[in-house]
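The structure file entry34.cif is reproduced below (mmCIF, C-alpha atoms).
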data_model
loop_
_atom_site.label_atom_id
_atom_site.label_comp_id
_atom_site.auth_asym_id
_atom_site.auth_seq_id
_atom_site.Cartn_x
_atom_site.Cartn_y
_atom_site.Cartn_z
CA MET X 13 -40.07 19.49 -14.01
CA ALA X 14 -39.23 18.54 -10.43
CA ALA X 15 -36.35 21.00 -10.43
CA ARG X 16 -38.39 23.96 -11.62
CA PRO X 17 -39.75 24.96 -8.18
CA ALA X 18 -36.19 24.92 -6.86
CA LEU X 19 -34.93 27.57 -9.31
CA LEU X 20 -35.18 30.37 -6.74
CA LEU X 21 -33.34 28.21 -4.22
CA LEU X 22 -30.58 27.58 -6.74
CA LEU X 23 -30.04 31.28 -7.33
CA LEU X 24 -30.21 32.30 -3.67
CA ALA X 25 -27.87 29.53 -2.58
CA ALA X 26 -25.40 30.35 -5.33
CA ALA X 27 -25.16 33.94 -4.16
CA ALA X 28 -23.22 32.98 -1.03
CA GLY X 29 -19.64 32.10 -1.98
CA PRO X 30 -17.67 29.46 -0.10
CA ALA X 31 -14.41 30.32 1.57
CA ARG X 32 -11.78 28.40 -0.38
CA GLY X 33 -8.13 28.12 0.53
CA SER X 34 -5.29 25.86 -0.57
CA GLN X 35 -1.57 25.45 -0.12
CA GLY X 36 -0.69 27.64 -3.09
CA ASP X 37 -2.68 30.71 -2.07
CA ARG X 38 -1.44 30.40 1.52
CA GLU X 39 2.17 30.67 0.40
CA PRO X 40 3.86 33.91 1.62
CA LEU X 41 5.46 34.27 -1.82
CA TYR X 42 2.07 34.18 -3.53
CA ARG X 43 0.53 36.61 -1.05
CA GLU X 44 3.44 39.04 -1.38
CA CYS X 45 3.31 38.85 -5.17
CA LEU X 46 -0.47 39.43 -5.16
CA SER X 47 -0.20 42.38 -2.77
CA ARG X 48 2.56 43.99 -4.84
CA CYS X 49 0.74 43.43 -8.13
CA GLU X 50 -2.50 44.95 -6.84
CA ARG X 51 -0.66 47.89 -5.34
CA GLN X 52 1.16 48.61 -8.60
CA ASN X 53 -1.60 47.87 -11.13
CA CYS X 54 -5.06 48.00 -9.58
CA SER X 55 -5.54 51.58 -8.48
CA GLY X 56 -5.44 55.08 -9.92
CA ALA X 57 -3.79 55.65 -13.29
CA ALA X 58 -2.43 52.10 -13.39
CA LEU X 59 -5.95 50.66 -13.12
CA ARG X 60 -7.17 52.95 -15.93
CA HIS X 61 -4.25 51.79 -18.05
CA PHE X 62 -5.14 48.15 -17.29
CA ARG X 63 -8.74 48.70 -18.34
CA ASP X 64 -7.71 50.53 -21.52
CA ARG X 65 -5.46 47.70 -22.70
CA GLN X 66 -7.67 44.84 -21.49
CA PRO X 67 -9.32 42.99 -24.42
CA LEU X 68 -13.08 43.41 -24.64
CA TYR X 69 -13.75 39.67 -24.28
CA MET X 70 -11.81 39.63 -20.99
CA GLY X 71 -13.87 42.48 -19.58
CA LEU X 72 -17.15 40.95 -20.73
CA THR X 73 -16.35 37.67 -18.97
CA GLY X 74 -15.57 39.42 -15.71
CA TRP X 75 -11.78 39.32 -15.55
CA THR X 76 -10.67 42.09 -13.18
CA CYS X 77 -7.26 43.53 -12.36
CA ARG X 78 -7.16 41.45 -9.17
CA ASP X 79 -8.04 38.30 -11.12
CA ASP X 80 -5.19 39.00 -13.52
CA CYS X 81 -2.81 39.47 -10.60
CA GLN X 82 -3.95 36.19 -9.07
CA TYR X 83 -3.36 34.40 -12.37
CA GLU X 84 0.14 35.82 -12.88
CA CYS X 85 1.19 35.25 -9.26
CA MET X 86 -0.20 31.73 -9.37
CA TRP X 87 2.06 30.76 -12.26
CA LEU X 88 5.02 32.53 -10.69
CA THR X 89 4.52 30.38 -7.58
CA VAL X 90 4.06 27.23 -9.68
CA ARG X 91 7.34 27.84 -11.54
CA LEU X 92 9.22 28.27 -8.26
CA TYR X 93 7.66 25.08 -6.89
CA GLN X 94 8.69 23.16 -9.99
CA ARG X 95 12.19 24.65 -9.90
CA GLY X 96 12.56 23.38 -6.35
CA GLY X 97 11.35 19.90 -7.31
CA HIS X 98 8.06 20.19 -5.38
CA ARG X 99 4.57 19.10 -6.41
CA VAL X 100 2.38 21.72 -8.05
CA PRO X 101 -0.02 23.04 -5.37
CA GLN X 102 -3.66 23.96 -5.66
CA PHE X 103 -4.84 27.56 -5.55
CA HIS X 104 -8.22 28.50 -4.08
CA GLY X 105 -9.29 24.86 -4.17
CA LYS X 106 -8.34 24.37 -7.83
CA TRP X 107 -5.43 23.03 -9.82
CA PRO X 108 -3.75 25.66 -12.00
CA PHE X 109 -4.83 25.76 -15.67
CA ARG X 110 -3.45 27.75 -18.57
CA ARG X 111 -6.18 30.06 -19.80
CA PHE X 112 -6.87 30.62 -23.48
CA LEU X 113 -8.35 33.98 -24.40
CA CYS X 114 -11.09 34.37 -21.76
CA PHE X 115 -11.43 30.63 -21.12
CA GLN X 116 -10.05 29.67 -17.73
CA GLU X 117 -10.25 25.92 -18.46
CA PRO X 118 -10.54 25.76 -22.28
CA ALA X 119 -10.66 21.98 -22.73
CA SER X 120 -13.35 21.52 -20.08
CA ALA X 121 -15.35 24.47 -21.43
CA LEU X 122 -15.26 22.98 -24.94
CA ALA X 123 -16.31 19.54 -23.66
CA SER X 124 -19.25 21.03 -21.75
CA PHE X 125 -20.32 23.03 -24.78
CA LEU X 126 -20.21 19.95 -27.02
CA ASN X 127 -22.22 17.94 -24.48
CA GLY X 128 -24.83 20.68 -24.43
CA LEU X 129 -24.87 20.77 -28.22
CA ALA X 130 -25.38 16.99 -28.34
CA SER X 131 -28.26 17.30 -25.87
CA LEU X 132 -29.86 19.98 -28.06
CA VAL X 133 -29.51 17.79 -31.17
CA MET X 134 -31.12 14.85 -29.36
CA LEU X 135 -33.96 17.06 -28.13
CA ARG X 136 -34.68 18.21 -31.70
CA ARG X 137 -34.67 14.58 -32.89
CA TYR X 138 -36.96 13.58 -30.04
CA ARG X 139 -39.45 16.33 -30.85
CA ALA X 140 -39.39 15.36 -34.52
CA ALA X 141 -40.01 11.67 -33.79
CA VAL X 142 -42.40 11.74 -30.82
CA PRO X 143 -45.85 13.35 -30.87
CA PRO X 144 -46.63 15.75 -27.99
CA ALA X 145 -49.51 13.47 -26.98
CA ALA X 146 -47.07 10.70 -25.99
CA PRO X 147 -47.41 9.87 -22.26
CA THR X 148 -43.85 10.80 -21.28
CA TYR X 149 -43.30 13.59 -23.82
CA GLY X 150 -43.50 16.35 -21.23
CA THR X 151 -41.22 14.58 -18.78
CA CYS X 152 -38.58 13.89 -21.41
CA THR X 153 -38.57 17.40 -22.85
CA ALA X 154 -38.39 18.86 -19.33
CA PHE X 155 -35.41 16.61 -18.62
CA ALA X 156 -33.75 17.86 -21.80
CA GLY X 157 -34.25 21.43 -20.63
CA VAL X 158 -32.74 20.69 -17.21
CA SER X 159 -29.78 18.96 -18.88
CA LEU X 160 -29.20 21.85 -21.30
CA ASN X 161 -29.27 24.25 -18.36
CA ALA X 162 -26.69 22.14 -16.53
CA TRP X 163 -24.34 22.00 -19.51
CA PHE X 164 -24.74 25.75 -20.04
CA TRP X 165 -23.62 26.53 -16.48
CA SER X 166 -20.85 23.96 -16.76
CA THR X 167 -19.56 25.82 -19.83
CA VAL X 168 -19.83 29.16 -18.01
CA PHE X 169 -18.05 27.79 -14.94
CA HIS X 170 -15.12 26.39 -16.93
CA THR X 171 -14.93 29.66 -18.86
CA ARG X 172 -14.90 31.81 -15.74
CA ASP X 173 -14.49 30.14 -12.34
CA THR X 174 -16.08 32.23 -9.59
CA ALA X 175 -17.91 31.29 -6.39
CA LEU X 176 -21.23 32.04 -8.15
CA THR X 177 -20.56 30.10 -11.38
CA GLU X 178 -19.13 27.16 -9.40
CA LYS X 179 -22.27 26.81 -7.31
CA LEU X 180 -24.57 27.20 -10.31
CA ASP X 181 -22.58 24.48 -12.10
CA TYR X 182 -22.70 22.07 -9.16
CA PHE X 183 -26.33 22.69 -8.21
CA CYS X 184 -27.70 22.55 -11.76
CA ALA X 185 -25.75 19.33 -12.33
CA SER X 186 -27.35 17.83 -9.22
CA ALA X 187 -30.77 18.92 -10.49
CA ALA X 188 -30.11 17.17 -13.81
CA VAL X 189 -28.99 13.97 -12.11
CA LEU X 190 -32.07 13.94 -9.85
CA HIS X 191 -34.31 14.62 -12.83
CA SER X 192 -32.78 11.62 -14.57
CA VAL X 193 -33.74 9.52 -11.52
CA TYR X 194 -37.28 10.89 -11.76
CA LEU X 195 -37.45 10.17 -15.50
CA CYS X 196 -36.26 6.63 -14.88
CA CYS X 197 -38.98 6.23 -12.25
CA VAL X 198 -41.63 7.45 -14.71
CA ARG X 199 -40.37 5.08 -17.41
CA THR X 200 -40.27 2.15 -14.98
CA LEU X 201 -43.45 2.63 -12.95
CA GLY X 202 -45.43 4.17 -15.76
CA LEU X 203 -48.15 6.78 -15.61
CA GLN X 204 -50.71 4.39 -14.16
CA ARG X 205 -49.48 5.20 -10.64
CA PRO X 206 -49.68 9.02 -10.56
CA ALA X 207 -49.90 9.19 -6.75
CA LEU X 208 -46.70 7.20 -6.32
CA ILE X 209 -44.95 9.27 -8.99
CA SER X 210 -46.03 12.49 -7.24
CA ILE X 211 -44.69 11.27 -3.88
CA PHE X 212 -41.38 10.29 -5.46
CA ARG X 213 -41.14 13.66 -7.23
CA ALA X 214 -41.74 15.46 -3.92
CA PHE X 215 -39.06 13.33 -2.26
CA LEU X 216 -36.51 14.17 -4.96
CA LEU X 217 -37.33 17.87 -4.71
CA LEU X 218 -36.88 17.71 -0.93
CA PHE X 219 -33.56 15.92 -1.38
CA LEU X 220 -32.39 18.59 -3.84
CA THR X 221 -33.41 21.32 -1.37
CA CYS X 222 -31.52 19.66 1.48
CA HIS X 223 -28.51 19.00 -0.74
CA ILE X 224 -28.25 22.63 -1.84
CA SER X 225 -28.93 23.94 1.67
CA TYR X 226 -26.17 21.80 3.16
CA LEU X 227 -23.60 22.85 0.56
CA SER X 228 -24.62 26.51 0.85
CA LEU X 229 -25.26 26.99 4.55
CA VAL X 230 -23.24 24.29 6.32
CA ARG X 231 -20.21 23.32 4.27
CA PHE X 232 -19.31 23.31 0.60
CA ASP X 233 -18.07 19.72 0.63
CA TYR X 234 -16.62 18.66 -2.73
CA GLY X 235 -16.27 15.02 -1.68
CA TYR X 236 -19.86 14.74 -0.51
CA ASN X 237 -21.18 16.41 -3.66
CA LEU X 238 -19.18 14.05 -5.88
CA ALA X 239 -20.25 10.96 -3.91
CA ALA X 240 -23.94 11.97 -3.93
CA ASN X 241 -24.01 12.61 -7.69
CA ALA X 242 -22.00 9.46 -8.44
CA ALA X 243 -24.38 7.32 -6.36
CA LEU X 244 -27.43 8.79 -8.08
CA GLY X 245 -25.80 8.35 -11.48
CA MET X 246 -25.07 4.70 -10.75
CA LEU X 247 -28.64 4.21 -9.54
CA THR X 248 -30.00 5.69 -12.75
CA GLY X 249 -27.56 3.70 -14.87
CA GLY X 250 -28.50 0.47 -13.14
CA ALA X 251 -32.23 1.09 -13.49
CA GLY X 252 -31.82 2.15 -17.13
CA SER X 253 -29.75 -0.95 -17.89
CA SER X 254 -32.39 -3.17 -16.30
CA LEU X 255 -35.08 -1.51 -18.40
CA SER X 256 -33.02 -1.97 -21.57
CA LEU X 257 -32.32 -5.63 -20.80
CA SER X 258 -35.98 -6.30 -20.10
CA ALA X 259 -36.82 -4.74 -23.47
CA LEU X 260 -34.16 -6.82 -25.17
CA PHE X 261 -35.46 -10.12 -23.85
CA SER X 262 -39.18 -9.43 -24.18
CA GLN X 263 -41.42 -8.94 -27.18
CA GLU X 264 -42.77 -5.69 -25.83
CA CYS X 265 -40.57 -3.01 -24.37
CA CYS X 266 -42.66 -2.12 -21.33
CA PRO X 267 -45.71 -4.39 -21.00
CA TRP X 268 -46.47 -3.12 -17.48
CA LEU X 269 -46.87 0.45 -18.73
CA GLY X 270 -50.08 -0.29 -20.56
CA HIS X 271 -49.07 1.73 -23.62
CA PRO X 272 -46.45 1.49 -26.41
CA PRO X 273 -43.04 2.85 -25.52
CA ASP X 274 -41.86 6.22 -26.79
CA PRO X 275 -40.06 5.64 -30.12
CA SER X 276 -36.84 7.28 -28.94
CA PRO X 277 -34.75 7.41 -25.77
CA PRO X 278 -34.61 10.40 -23.40
CA PRO X 279 -33.03 13.40 -25.17
CA SER X 280 -29.71 13.69 -23.39
CA ILE X 281 -26.30 12.22 -22.97
CA PHE X 282 -26.18 9.91 -19.95
CA PRO X 283 -26.72 12.40 -17.11
CA GLY X 284 -24.75 10.41 -14.58
CA MET X 285 -21.66 12.03 -16.07
CA LEU X 286 -22.79 15.37 -14.62
CA MET X 287 -20.59 15.70 -11.56
CA GLY X 288 -20.45 19.45 -11.28
CA GLY X 289 -17.53 20.26 -13.46
#
Could you rewrite the structure in this file as structure tokens?
Amino acid sequence: MAARPALLLLLLAAAAGPARGSQGDREPLYRECLSRCERQNCSGAALRHFRDRQPLYMGLTGWTCRDDCQYECMWLTVRLYQRGGHRVPQFHGKWPFRRFLCFQEPASALASFLNGLASLVMLRRYRAAVPPAAPTYGTCTAFAGVSLNAWFWSTVFHTRDTALTEKLDYFCASAAVLHSVYLCCVRTLGLQRPALISIFRAFLLLFLTCHISYLSLVRFDYGYNLAANAALGMLTGGAGSSLSLSALFSQECCPWLGHPPDPSPPPSIFPGMLMGG
């Protein structure tokens, strides 16, 4: 819910791609290989031949002739590094992965898909067990939607890593983590303090806006993004653990809420695991 007004910001910020460079793609060997491959395969009749023999699933997921050249030259450089006894370098800010079909990082893509599937199953169970009139029904179902969106873009990003899919993965993950903080606040403070909840929601939305703006307009800082999401995840985990312990050692789950607790937990895997990839 709190992330919904920021959807336009997410899309606009994701449109600007960060400039990424690493040791591997700065290597003269890699650059020479890439230049030669593009010259020989990515223009004129050679490009038409590439497109004719390219599998449909590769074209649909956005693999271009240049992308294919980058992939082949990357592994050529890696093999020469290994032959010389050197550490495998990064390329364009990423470690090299063996692709499978159109999946650039198949294991990560499968894990993200399964996490999204688990979130969908929990949402269906939640809707079946909790009546829509429950006080936190809307907040929980909105959180499930934000989480499903985050896992979807995580799957897309690990299938096809581009500047756009990377930003959508990272930003949607941050939105899910912040929404988990908001949900925890609602569950802890209850709905008897709507003004306080509204102020906290506005603060989280402002934080998300500043977070996305900094990563998009100032610097795409992987370390900062990881630290921010980890801190928020730990905060949510700590608050959730406190709530669970208080329920364990009391006769009523949430006596300060003034109403019975929802009969099922929030419909998602622990969102603190969402670190943007």
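Take the candidates X:Leu41, X:Leu132, X:Cys222, X:Leu59 and check each one against X:Val90 using all atoms listed in the file; the shortest distance goes to X:Leu41.
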Tell me which residues the PyMOL selection byres ((chain X and resi 159) around 8) grabs here, as a list in words.
-> Gly128, Ser131, Phe155, Ala156, Gly157, Val158, Leu160, Asn161, Ala162, Trp163, Ala185, Ala188, Ser280 and Pro283 of chain X
Those same residues, written as a CSV table (one decimal), keeping the file's coordinate frame with C-alpha atoms?
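File result_18.csv, as written:
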chain,number,residue,atom,x,y,z
X,128,GLY,CA,-24.8,20.7,-24.4
X,131,SER,CA,-28.3,17.3,-25.9
X,155,PHE,CA,-35.4,16.6,-18.6
X,156,ALA,CA,-33.8,17.9,-21.8
X,157,GLY,CA,-34.2,21.4,-20.6
X,158,VAL,CA,-32.7,20.7,-17.2
X,160,LEU,CA,-29.2,21.8,-21.3
X,161,ASN,CA,-29.3,24.2,-18.4
X,162,ALA,CA,-26.7,22.1,-16.5
X,163,TRP,CA,-24.3,22.0,-19.5
X,185,ALA,CA,-25.8,19.3,-12.3
X,188,ALA,CA,-30.1,17.2,-13.8
X,280,SER,CA,-29.7,13.7,-23.4
X,283,PRO,CA,-26.7,12.4,-17.1
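Here atom CA of X:Asp173 is placed at a distance of 9.3 Å from atom CA of X:Phe115.
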Evaluate the PyMOL selection byres ((chain X and resi 78) around 10) and report residues as an MDAnalysis selection string = chainID X and resid 46:47 49:51 53:54 75:77 79:84
Contact check, stretch 35-98 of chain X to stretch 102-111 of chain X, at most 9 Å, counting all atoms listed in the file, closest pairs as CSV:
residue,atom,partner,partner_atom,distance
X:Gln35,CA,X:Gln102,CA,6.1
X:Gly36,CA,X:Phe103,CA,4.8
X:Asp37,CA,X:Phe103,CA,5.2
X:Arg38,CA,X:Phe103,CA,8.3
X:Tyr83,CA,X:Pro108,CA,8.8
X:Met86,CA,X:Phe103,CA,7.3
X:Trp87,CA,X:Pro108,CA,7.7
X:Val90,CA,X:Pro108,CA,8.3
File of the preceding selection, C-alpha atoms, as a CSV table (one decimal), in the coordinates of the input:
chain,number,residue,atom,x,y,z
X,35,GLN,CA,-1.6,25.4,-0.1
X,36,GLY,CA,-0.7,27.6,-3.1
X,37,ASP,CA,-2.7,30.7,-2.1
X,38,ARG,CA,-1.4,30.4,1.5
X,83,TYR,CA,-3.4,34.4,-12.4
X,86,MET,CA,-0.2,31.7,-9.4
X,87,TRP,CA,2.1,30.8,-12.3
X,90,VAL,CA,4.1,27.2,-9.7
Apply the PyMOL selection byres ((chain X and resi 170) around 9) to the displayed file and report the matching residues as an MDAnalysis selection string.
-> chainID X and resid 115:122 124 165:169 171:173 177:178 289
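We find atom CA of X:Thr153 and atom CA of X:Cys184 to be spaced 16.4 Å apart.
We find atom CA of X:Ala242 and atom CA of X:Ser192 to be spaced 12.6 Å apart.
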Calculate, to one decimal in Å, the centre and edge lengths of the box along x, y and z of the file that holds all listed atoms of stretch 150-154 of chain X with 3 Å of margin on each side, and present them as JSON.
{"center_x": -40.9, "center_y": 16.4, "center_z": -20.8, "size_x": 11.1, "size_y": 11.0, "size_z": 10.1}
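The closest residue to X:Phe183, picked from X:Phe112, X:Tyr93, X:Tyr226, X:Phe125 and counting only C-alpha atoms, is X:Tyr226.
Of the residues under consideration (X:Thr148, X:Gln66, X:Leu229, X:Ala175), X:Thr148 shows the shortest atom-to-atom contact distance to X:Cys196 when counting only C-alpha atoms.
Nearest to X:Arg213 of all the residues X:Cys85, X:Val100, X:Ala58, X:Val193 is X:Val193, based on only C-alpha atoms.
Every protein, DNA or RNA residue with an atom at most 12 Å from X:Phe212, where only C-alpha atoms count and chain neighbours fewer than 2 positions away do not, is listed here: Ala14, Leu190, His191, Val193, Tyr194, Leu195, Cys196, Cys197, Val198, Leu201, Arg205, Pro206, Ala207, Leu208, Ile209, Ser210, Ala214, Phe215, Leu216, Leu217, Leu218 and Phe219 of chain X.
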Could you write out that same residue set with C-alpha atoms as a tab-separated table (two decimals), in the coordinates of the input?
chain	number	residue	atom	x	y	z
X	14	ALA	CA	-39.23	18.54	-10.43
X	190	LEU	CA	-32.07	13.94	-9.85
X	191	HIS	CA	-34.31	14.62	-12.83
X	193	VAL	CA	-33.74	9.52	-11.52
X	194	TYR	CA	-37.28	10.89	-11.76
X	195	LEU	CA	-37.45	10.17	-15.50
X	196	CYS	CA	-36.26	6.63	-14.88
X	197	CYS	CA	-38.98	6.23	-12.25
X	198	VAL	CA	-41.63	7.45	-14.71
X	201	LEU	CA	-43.45	2.63	-12.95
X	205	ARG	CA	-49.48	5.20	-10.64
X	206	PRO	CA	-49.68	9.02	-10.56
X	207	ALA	CA	-49.90	9.19	-6.75
X	208	LEU	CA	-46.70	7.20	-6.32
X	209	ILE	CA	-44.95	9.27	-8.99
X	210	SER	CA	-46.03	12.49	-7.24
X	214	ALA	CA	-41.74	15.46	-3.92
X	215	PHE	CA	-39.06	13.33	-2.26
X	216	LEU	CA	-36.51	14.17	-4.96
X	217	LEU	CA	-37.33	17.87	-4.71
X	218	LEU	CA	-36.88	17.71	-0.93
X	219	PHE	CA	-33.56	15.92	-1.38
